[in-house]
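K.L.:
Hey, dropping data.cif in here, mmCIF, C-alpha atoms:
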data_model
#
loop_
_atom_site.group_PDB
_atom_site.id
_atom_site.type_symbol
_atom_site.label_atom_id
_atom_site.label_comp_id
_atom_site.auth_asym_id
_atom_site.auth_seq_id
_atom_site.Cartn_x
_atom_site.Cartn_y
_atom_site.Cartn_z
ATOM 1 C CA MET W 1046 116.249 132.552 92.144
ATOM 2 C CA ASN W 1047 119.216 130.414 93.193
ATOM 3 C CA LEU W 1048 119.450 126.631 92.861
ATOM 4 C CA SER W 1049 118.770 125.821 96.545
ATOM 5 C CA SER W 1050 115.576 127.907 96.734
ATOM 6 C CA TRP W 1051 114.420 126.391 93.439
ATOM 7 C CA ARG W 1052 115.030 122.916 94.892
ATOM 8 C CA GLN W 1053 113.173 123.851 98.107
ATOM 9 C CA ASN W 1054 110.160 125.136 96.122
ATOM 10 C CA LEU W 1055 110.108 121.960 94.039
ATOM 11 C CA PHE W 1056 110.295 119.819 97.206
ATOM 12 C CA GLU W 1057 107.375 121.716 98.803
ATOM 13 C CA LEU W 1058 105.307 121.426 95.617
ATOM 14 C CA TRP W 1059 105.960 117.685 95.374
ATOM 15 C CA ASN W 1060 105.271 116.985 99.075
ATOM 16 C CA ARG W 1061 102.272 119.221 99.691
ATOM 17 C CA ALA W 1062 98.961 117.626 100.621
ATOM 18 C CA PRO W 1063 96.623 116.844 97.707
ATOM 19 C CA SER W 1064 93.741 119.197 97.014
ATOM 20 C CA GLY W 1065 90.682 118.117 99.000
ATOM 21 C CA TYR W 1066 92.662 116.191 101.626
ATOM 22 C CA ARG W 1067 91.097 116.588 105.080
ATOM 23 C CA PRO W 1068 93.682 115.619 107.726
ATOM 24 C CA GLY W 1069 92.321 113.419 110.486
ATOM 25 C CA LEU W 1070 89.101 112.384 108.719
ATOM 26 C CA THR W 1071 90.286 108.877 107.811
ATOM 27 C CA LEU W 1072 91.811 108.367 111.260
ATOM 28 C CA GLY W 1073 88.451 109.334 112.781
ATOM 29 C CA GLN W 1074 86.674 106.747 110.631
ATOM 30 C CA LEU W 1075 89.247 104.131 111.661
ATOM 31 C CA ARG W 1076 88.603 104.896 115.336
ATOM 32 C CA ARG W 1077 84.990 103.829 114.790
ATOM 33 C CA ASP W 1078 86.180 100.601 113.117
ATOM 34 C CA LEU W 1079 88.416 99.922 116.142
ATOM 35 C CA ALA W 1080 85.732 100.641 118.754
ATOM 36 C CA GLY W 1081 86.668 99.119 122.101
ATOM 37 C CA LEU W 1082 90.364 99.973 121.767
ATOM 38 C CA ASP W 1083 91.798 102.881 123.732
ATOM 39 C CA PHE W 1084 92.962 105.793 121.562
ATOM 40 C CA THR W 1085 95.561 108.467 122.315
ATOM 41 C CA PRO W 1086 95.954 111.256 119.718
ATOM 42 C CA ARG W 1087 99.569 112.171 118.827
ATOM 43 C CA SER W 1088 98.770 114.737 116.120
ATOM 44 C CA GLN W 1089 95.938 115.506 113.732
ATOM 45 C CA VAL W 1090 96.949 112.573 111.489
ATOM 46 C CA GLN W 1091 98.511 110.156 113.986
ATOM 47 C CA GLY W 1092 97.388 108.297 117.080
ATOM 48 C CA GLY W 1093 98.168 105.393 119.344
ATOM 49 C CA PHE W 1094 95.844 102.445 119.986
ATOM 50 C CA HIS W 1095 95.876 100.099 122.980
ATOM 51 C CA CYS W 1096 94.046 96.786 123.118
ATOM 52 C CA PRO W 1097 93.020 96.212 126.768
ATOM 53 C CA GLN W 1098 92.411 92.460 126.251
ATOM 54 C CA ASN W 1099 96.024 91.578 125.366
ATOM 55 C CA GLY W 1100 97.974 94.772 126.143
ATOM 56 C CA LEU W 1101 98.978 95.304 122.499
ATOM 57 C CA ARG W 1102 99.995 98.889 121.593
ATOM 58 C CA PHE W 1103 100.446 100.235 118.051
ATOM 59 C CA GLU W 1104 100.490 103.532 116.154
ATOM 60 C CA VAL W 1105 98.488 104.521 113.070
ATOM 61 C CA GLN W 1106 99.310 107.438 110.779
ATOM 62 C CA GLU W 1107 97.471 108.783 107.740
ATOM 63 C CA ARG W 1108 99.417 108.919 104.461
ATOM 64 C CA ALA W 1109 97.931 110.954 101.590
ATOM 65 C CA GLN W 1110 98.992 109.634 98.176
ATOM 66 C CA ALA W 1111 98.281 111.980 95.259
ATOM 67 C CA GLN W 1112 97.313 110.568 91.889
ATOM 68 C CA PHE W 1113 95.905 112.103 88.715
ATOM 69 C CA LEU W 1114 92.642 113.925 89.600
ATOM 70 C CA MET W 1115 92.308 111.894 92.803
ATOM 71 C CA HIS W 1116 94.095 110.893 95.978
ATOM 72 C CA ILE W 1117 94.080 108.013 98.427
ATOM 73 C CA VAL W 1118 94.452 108.404 102.172
ATOM 74 C CA ALA W 1119 95.941 105.171 103.485
ATOM 75 C CA CYS W 1120 96.732 104.284 107.076
ATOM 76 C CA GLU W 1121 100.198 103.080 108.001
ATOM 77 C CA TRP W 1122 100.194 100.807 111.049
ATOM 78 C CA ARG W 1123 103.345 100.525 113.193
ATOM 79 C CA LEU W 1124 103.791 97.944 115.934
ATOM 80 C CA PRO W 1125 106.951 98.322 118.078
ATOM 81 C CA VAL W 1126 108.481 95.131 119.503
ATOM 82 C CA PRO W 1127 111.319 95.619 122.019
ATOM 83 C CA CYS W 1128 114.354 93.321 121.933
ATOM 84 C CA ASP W 1129 117.663 92.965 123.773
ATOM 85 C CA THR W 1130 120.399 93.092 121.135
ATOM 86 C CA ALA W 1131 121.042 95.732 118.470
ATOM 87 C CA ARG W 1132 121.122 93.960 115.106
ATOM 88 C CA GLN W 1133 120.000 95.251 111.708
ATOM 89 C CA ALA W 1134 117.360 93.552 109.576
ATOM 90 C CA ARG W 1135 114.608 94.373 107.130
ATOM 91 C CA ILE W 1136 112.166 91.683 105.992
ATOM 92 C CA ARG W 1137 109.255 91.970 103.548
ATOM 93 C CA LEU W 1138 106.301 89.565 103.748
ATOM 94 C CA ARG W 1139 103.834 88.787 100.964
ATOM 95 C CA HIS W 1140 101.154 86.242 100.174
ATOM 96 C CA THR W 1141 101.953 83.354 97.821
ATOM 97 C CA GLY W 1142 99.624 81.746 95.287
ATOM 98 C CA ALA W 1143 98.459 82.993 91.899
ATOM 99 C CA ILE W 1144 94.694 82.745 92.430
ATOM 100 C CA ARG W 1145 94.203 81.642 96.046
ATOM 101 C CA ARG W 1146 96.460 82.455 98.958
ATOM 102 C CA GLN W 1147 98.529 79.393 99.737
ATOM 103 C CA GLY W 1148 101.069 80.731 102.188
ATOM 104 C CA VAL W 1149 103.408 83.555 103.104
ATOM 105 C CA ALA W 1150 106.838 84.311 101.632
ATOM 106 C CA ALA W 1151 109.451 86.226 103.618
ATOM 107 C CA ARG W 1152 112.309 88.016 101.856
ATOM 108 C CA LEU W 1153 115.352 89.427 103.654
ATOM 109 C CA LEU W 1154 116.126 92.912 102.289
ATOM 110 C CA THR W 1155 118.791 93.936 104.817
ATOM 111 C CA GLY W 1156 120.904 91.699 107.064
ATOM 112 C CA GLU W 1157 122.932 88.506 106.962
ATOM 113 C CA ASP W 1158 121.154 85.513 105.383
ATOM 114 C CA ALA W 1159 122.600 82.943 107.799
ATOM 115 C CA GLU W 1160 121.744 85.039 110.862
ATOM 116 C CA TRP W 1161 118.072 85.537 109.956
ATOM 117 C CA ALA W 1162 117.310 82.183 108.258
ATOM 118 C CA PRO W 1163 115.595 80.721 111.392
ATOM 119 C CA LEU W 1164 113.280 83.744 111.619
ATOM 120 C CA LEU W 1165 112.430 83.615 107.908
ATOM 121 C CA GLN W 1166 111.576 79.929 108.310
ATOM 122 C CA ARG W 1167 109.335 80.611 111.321
ATOM 123 C CA LEU W 1168 107.522 83.467 109.549
ATOM 124 C CA CYS W 1169 106.589 81.150 106.673
ATOM 125 C CA SER W 1170 105.668 78.085 108.741
ATOM 126 C CA ASP W 1171 104.235 79.236 112.105
ATOM 127 C CA GLN W 1172 100.630 77.946 111.983
ATOM 128 C CA ARG W 1173 99.181 80.420 114.486
ATOM 129 C CA LEU W 1174 100.685 83.338 112.554
ATOM 130 C CA LEU W 1175 99.512 81.963 109.202
ATOM 131 C CA GLU W 1176 95.943 81.584 110.514
ATOM 132 C CA HIS W 1177 95.810 85.380 110.841
ATOM 133 C CA LEU W 1178 98.123 86.478 107.995
ATOM 134 C CA LEU W 1179 96.496 84.458 105.197
ATOM 135 C CA PRO W 1180 93.069 86.178 105.413
ATOM 136 C CA LEU W 1181 94.654 89.613 106.047
ATOM 137 C CA ASP W 1182 94.316 91.977 103.033
ATOM 138 C CA PHE W 1183 97.531 93.995 103.161
ATOM 139 C CA LYS W 1184 99.382 96.019 100.505
ATOM 140 C CA HIS W 1185 102.745 96.138 102.289
ATOM 141 C CA LEU W 1186 104.076 94.335 105.352
ATOM 142 C CA GLU W 1187 107.638 94.932 106.483
ATOM 143 C CA LEU W 1188 109.566 94.031 109.622
ATOM 144 C CA ARG W 1189 112.423 96.414 110.425
ATOM 145 C CA ARG W 1190 114.970 96.011 113.187
ATOM 146 C CA ASP W 1191 117.465 98.550 114.533
ATOM 147 C CA ALA W 1192 118.963 99.556 117.889
ATOM 148 C CA GLN W 1193 115.476 100.303 119.335
ATOM 149 C CA GLY W 1194 114.097 96.872 118.422
ATOM 150 C CA TRP W 1195 111.639 95.601 115.836
ATOM 151 C CA GLN W 1196 109.024 97.728 114.133
ATOM 152 C CA VAL W 1197 106.234 96.114 112.092
ATOM 153 C CA HIS W 1198 105.052 98.402 109.242
ATOM 154 C CA LEU W 1199 101.757 97.468 107.610
ATOM 155 C CA GLU W 1200 99.539 99.154 105.043
ATOM 156 C CA HIS W 1201 96.090 97.593 104.775
ATOM 157 C CA PHE W 1202 93.738 97.779 101.780
ATOM 158 C CA GLY W 1203 90.927 98.775 104.141
ATOM 159 C CA ALA W 1204 90.887 101.686 106.575
ATOM 160 C CA SER W 1205 91.538 104.029 103.661
ATOM 161 C CA GLU W 1206 89.719 106.763 101.806
ATOM 162 C CA VAL W 1207 89.467 107.347 98.052
ATOM 163 C CA VAL W 1208 88.798 110.928 96.938
ATOM 164 C CA ASN W 1209 88.107 111.722 93.277
ATOM 165 C CA ARG W 1210 87.786 115.212 91.839
ATOM 166 C CA LEU W 1211 86.204 114.376 88.477
ATOM 167 C CA PRO W 1212 83.540 113.103 89.016
ATOM 168 C CA GLY W 1213 83.591 114.270 92.593
ATOM 169 C CA PHE W 1214 83.199 111.609 95.258
ATOM 170 C CA ARG W 1215 84.711 110.600 98.566
ATOM 171 C CA ARG W 1216 84.516 107.011 99.836
ATOM 172 C CA TYR W 1217 85.882 105.437 102.991
ATOM 173 C CA ILE W 1218 86.795 101.737 102.712
ATOM 174 C CA ARG W 1219 86.111 100.443 106.194
ATOM 175 C CA LEU W 1220 88.063 97.852 108.138
ATOM 176 C CA SER W 1221 85.609 94.944 108.363
ATOM 177 C CA ALA W 1222 85.196 92.890 111.532
ATOM 178 C CA GLU W 1223 86.976 89.927 109.886
ATOM 179 C CA GLN W 1224 89.911 92.110 108.819
ATOM 180 C CA ARG W 1225 90.076 93.730 112.254
ATOM 181 C CA ALA W 1226 90.350 90.269 113.870
ATOM 182 C CA ALA W 1227 92.986 89.152 111.328
ATOM 183 C CA LEU W 1228 95.019 92.337 111.813
ATOM 184 C CA LEU W 1229 94.980 92.268 115.619
ATOM 185 C CA GLY W 1230 95.700 88.516 115.569
ATOM 186 C CA SER W 1231 98.631 89.018 113.170
ATOM 187 C CA PHE W 1232 100.067 91.782 115.362
ATOM 188 C CA THR W 1233 99.715 89.601 118.477
ATOM 189 C CA GLU W 1234 101.464 86.625 116.855
ATOM 190 C CA LEU W 1235 104.199 88.772 115.288
ATOM 191 C CA TYR W 1236 104.841 90.393 118.675
ATOM 192 C CA LYS W 1237 105.280 86.999 120.326
ATOM 193 C CA LEU W 1238 107.453 85.622 117.527
ATOM 194 C CA LEU W 1239 109.741 88.648 117.142
ATOM 195 C CA ARG W 1240 110.443 88.838 120.889
ATOM 196 C CA ASP W 1241 112.458 85.603 120.476
ATOM 197 C CA PHE W 1242 114.742 87.188 117.852
#
Once more with this new file: its structure as structure tokens, please.
P.N.:
Amino acid sequence: MNLSSWRQNLFELWNRAPSGYRPGLTLGQLRRDLAGLDFTPRSQVQGGFHCPQNGLRFEVQERAQAQFLMHIVACEWRLPVPCDTARQARIRLRHTGAIRRQGVAARLLTGEDAEWAPLLQRLCSDQRLLEHLLPLDFKHLELRRDAQGWQVHLEHFGASEVVNRLPGFRRYIRLSAEQRAALLGSFTELYKLLRDF
């Protein structure tokens, strides 16, 4: 066995789906949580949603994350926001406050500080955005910009499935009505805000 085939086998072993993972099951559960939104399947584990009330369009894709004797199927949400100029940026948002959420902090990971300072300020102080972001239970929230425009990447604590092999159980953590409203509201406000940058 040569080095490249050994590397390929190791890559396939590392990236294969966890045992017991059922592609599309979590996305199907999420469709029920997002009843009233139009759904267009893209693949077994990915689909597009459209909100008829405000015209918002976003994609959701399942991501299986293997852990010892269990795995988690999380949903990655992606909201595209078109823009005119091709500039690079990557911004991570997180909640602030040790016990209670007091605000939102924005950190520039890629890009020029001076160029993106007004956007960072708006992300942390825009009251309409904060009304939706503060109650939103997210693990990761990143804003990425390239030649195609902005893309909001979000991973929520809800809309995920926990599968354990010992003892065996499978549990879907639903997206509650409050979290659905906070998520759609956050996407709407981020879309409006990012269009200006």
K.L.:
Might you pull out every residue within 10 Å of Gln1110 in chain W, with all atoms listed in the file counted and same-chain residues fewer than 5 positions away left off, and present them as an MDAnalysis selection string?
P.N.:
chainID W and resid 1060 1062:1063 1066 1115:1119 1207
K.L.:
Report as a ChimeraX atom specification all protein, DNA and RNA residues lying within 12 Å of Tyr1236 in chain W, evaluated on all atoms listed in the file, omitting residues in the same chain fewer than 2 positions from it.
P.N.:
/W:1099-1103,1123-1128,1168,1174,1188,1194-1197,1229-1234,1238-1242
K.L.:
Looking at W:Ala1080, W:Val1090, W:Leu1199, W:Ala1162, which one is nearest to Arg1139 in chain W, with distances taken over all atoms listed in the file?
P.N.:
W:Leu1199
K.L.:
Could you list the residues chosen by the PyMOL selection byres ((chain W and resi 1169-1172) around 10) in this structure as a ChimeraX atom specification?
P.N.:
/W:1138-1140,1148-1151,1164-1168,1173-1178,1234,1238
K.L.:
Quick one: of W:Leu1179, W:Leu1186, W:Ala1192, W:Leu1114, who's nearest to Gln1133 in chain W, counting only C-alpha atoms?
P.N.:
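So, comparing all the options, the nearest one is W:Ala1192.
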K.L.:
From the list W:Asp1182, W:Glu1121, W:Glu1104, W:Asp1083, which residue is nearest Arg1146 in chain W when using only C-alpha atoms?
P.N.:
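Ranking W:Asp1182, W:Glu1121, W:Glu1104, W:Asp1083 by distance to Arg1146 in chain W, first place goes to W:Asp1182.
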K.L.:
On this structure, the PyMOL selection byres ((chain W and resi 1155) around 7) would catch which residues? List them as a list of chain:residue names, sorted by chain and number.
P.N.:
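On this input, the PyMOL selection byres ((chain W and resi 1155) around 7) captures W:Ala1134, W:Arg1135, W:Leu1153, W:Leu1154, W:Gly1156.
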K.L.:
Give the answer as one residue: which of W:Thr1085, W:Thr1141, W:Gln1098, W:Gln1106 has the shortest atom-to-atom distance to Pro1068 in chain W, using all atoms listed in the file?
P.N.:
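Going through W:Thr1085, W:Thr1141, W:Gln1098, W:Gln1106 one by one, the smallest distance to Pro1068 in chain W is for W:Gln1106.
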K.L.:
What gap, in Å, lies between CA of Ala1227 in chain W and CA of His1198 in chain W?
P.N.:
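Straight-line distance from CA of Ala1227 in chain W to CA of His1198 in chain W works out to 15.3 Å.
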K.L.:
Between W:Ser1221, W:Gln1147, W:Gln1112, W:Ser1088, which is the closest to Phe1202 in chain W once you count all atoms listed in the file?
P.N.:
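Checking each candidate against Phe1202 in chain W, we get W:Ser1221 as the closest.
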K.L.:
For a cutoff of 10 Å around the file-coordinate point (87.0, 114.1, 105.4), which residues qualify once you count all atoms listed in the file? I'd like the result as a list in words.
P.N.:
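The residues near that point, listed by chain and number, are Gly1065, Tyr1066, Arg1067, Pro1068, Gly1069, Leu1070, Thr1071, Leu1072, Gly1073, Gln1074, Val1118, Glu1206, Val1208, Arg1215, Arg1216 and Tyr1217 of chain W.
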K.L.:
Could you add the missing atoms to range 1079-1090 of chain W, up to all heavy atoms, and return them as an mmCIF file, keeping the file's coordinate frame?
P.N.:
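Saved to result05.cif:
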data_model
loop_
_atom_site.group_PDB
_atom_site.id
_atom_site.type_symbol
_atom_site.label_atom_id
_atom_site.label_comp_id
_atom_site.auth_asym_id
_atom_site.auth_seq_id
_atom_site.Cartn_x
_atom_site.Cartn_y
_atom_site.Cartn_z
ATOM 1 N N LEU W 1079 87.676 100.549 115.036
ATOM 2 C CA LEU W 1079 88.416 99.922 116.142
ATOM 3 C C LEU W 1079 87.776 100.250 117.487
ATOM 4 O O LEU W 1079 88.462 100.423 118.494
ATOM 5 C CB LEU W 1079 89.884 100.382 116.129
ATOM 6 C CG LEU W 1079 90.698 99.949 114.915
ATOM 7 C CD1 LEU W 1079 92.094 100.545 114.972
ATOM 8 C CD2 LEU W 1079 90.768 98.433 114.811
ATOM 9 N N ALA W 1080 86.452 100.358 117.509
ATOM 10 C CA ALA W 1080 85.732 100.641 118.754
ATOM 11 C C ALA W 1080 86.084 99.582 119.800
ATOM 12 O O ALA W 1080 86.207 98.407 119.495
ATOM 13 C CB ALA W 1080 84.231 100.645 118.497
ATOM 14 N N GLY W 1081 86.280 100.024 121.026
ATOM 15 C CA GLY W 1081 86.668 99.119 122.101
ATOM 16 C C GLY W 1081 88.149 99.190 122.414
ATOM 17 O O GLY W 1081 88.588 98.731 123.468
ATOM 18 N N LEU W 1082 88.947 99.766 121.511
ATOM 19 C CA LEU W 1082 90.364 99.973 121.767
ATOM 20 C C LEU W 1082 90.575 101.387 122.285
ATOM 21 O O LEU W 1082 89.898 102.320 121.840
ATOM 22 C CB LEU W 1082 91.189 99.762 120.493
ATOM 23 C CG LEU W 1082 91.641 98.329 120.190
ATOM 24 C CD1 LEU W 1082 90.464 97.413 119.960
ATOM 25 C CD2 LEU W 1082 92.560 98.304 118.989
ATOM 26 N N ASP W 1083 91.483 101.550 123.217
ATOM 27 C CA ASP W 1083 91.798 102.881 123.732
ATOM 28 C C ASP W 1083 92.587 103.653 122.681
ATOM 29 O O ASP W 1083 93.451 103.090 122.003
ATOM 30 C CB ASP W 1083 92.622 102.778 125.020
ATOM 31 C CG ASP W 1083 91.868 102.042 126.130
ATOM 32 O OD1 ASP W 1083 90.621 102.131 126.142
ATOM 33 O OD2 ASP W 1083 92.517 101.388 126.956
ATOM 34 N N PHE W 1084 92.302 104.950 122.557
ATOM 35 C CA PHE W 1084 92.962 105.793 121.562
ATOM 36 C C PHE W 1084 93.595 106.996 122.232
ATOM 37 O O PHE W 1084 92.978 107.651 123.067
ATOM 38 C CB PHE W 1084 91.960 106.264 120.501
ATOM 39 C CG PHE W 1084 92.553 107.179 119.476
ATOM 40 C CD1 PHE W 1084 93.368 106.685 118.476
ATOM 41 C CD2 PHE W 1084 92.299 108.542 119.513
ATOM 42 C CE1 PHE W 1084 93.923 107.531 117.524
ATOM 43 C CE2 PHE W 1084 92.842 109.395 118.562
ATOM 44 C CZ PHE W 1084 93.661 108.888 117.568
ATOM 45 N N THR W 1085 94.851 107.288 121.835
ATOM 46 C CA THR W 1085 95.561 108.467 122.315
ATOM 47 C C THR W 1085 96.032 109.260 121.102
ATOM 48 O O THR W 1085 96.869 108.763 120.343
ATOM 49 C CB THR W 1085 96.787 108.072 123.163
ATOM 50 O OG1 THR W 1085 96.361 107.204 124.202
ATOM 51 C CG2 THR W 1085 97.454 109.295 123.757
ATOM 52 N N PRO W 1086 95.500 110.484 120.885
ATOM 53 C CA PRO W 1086 95.954 111.256 119.718
ATOM 54 C C PRO W 1086 97.395 111.732 119.901
ATOM 55 O O PRO W 1086 97.781 112.146 120.995
ATOM 56 C CB PRO W 1086 94.981 112.436 119.667
ATOM 57 C CG PRO W 1086 94.362 112.509 121.012
ATOM 58 C CD PRO W 1086 94.463 111.165 121.647
ATOM 59 N N ARG W 1087 98.184 111.671 118.824
ATOM 60 C CA ARG W 1087 99.569 112.171 118.827
ATOM 61 C C ARG W 1087 99.661 113.461 118.018
ATOM 62 O O ARG W 1087 100.455 114.331 118.317
ATOM 63 C CB ARG W 1087 100.521 111.138 118.235
ATOM 64 C CG ARG W 1087 100.438 109.776 118.861
ATOM 65 C CD ARG W 1087 101.403 109.622 120.028
ATOM 66 N NE ARG W 1087 101.449 108.240 120.474
ATOM 67 C CZ ARG W 1087 100.841 107.774 121.551
ATOM 68 N NH1 ARG W 1087 100.115 108.588 122.302
ATOM 69 N NH2 ARG W 1087 100.934 106.507 121.889
ATOM 70 N N SER W 1088 98.883 113.542 116.955
ATOM 71 C CA SER W 1088 98.770 114.737 116.120
ATOM 72 C C SER W 1088 97.438 114.623 115.391
ATOM 73 O O SER W 1088 96.675 113.692 115.643
ATOM 74 C CB SER W 1088 99.946 114.834 115.143
ATOM 75 O OG SER W 1088 99.834 113.843 114.141
ATOM 76 N N GLN W 1089 97.201 115.534 114.472
ATOM 77 C CA GLN W 1089 95.938 115.506 113.732
ATOM 78 C C GLN W 1089 95.823 114.245 112.870
ATOM 79 O O GLN W 1089 94.722 113.743 112.644
ATOM 80 C CB GLN W 1089 95.830 116.757 112.853
ATOM 81 C CG GLN W 1089 94.453 116.976 112.279
ATOM 82 C CD GLN W 1089 94.361 118.292 111.537
ATOM 83 O OE1 GLN W 1089 95.354 118.973 111.310
ATOM 84 N NE2 GLN W 1089 93.148 118.651 111.160
ATOM 85 N N VAL W 1090 96.969 113.711 112.412
ATOM 86 C CA VAL W 1090 96.949 112.573 111.489
ATOM 87 C C VAL W 1090 97.573 111.310 112.079
ATOM 88 O O VAL W 1090 97.781 110.330 111.370
ATOM 89 C CB VAL W 1090 97.673 112.933 110.160
ATOM 90 C CG1 VAL W 1090 96.947 114.047 109.448
ATOM 91 C CG2 VAL W 1090 99.127 113.279 110.399
#
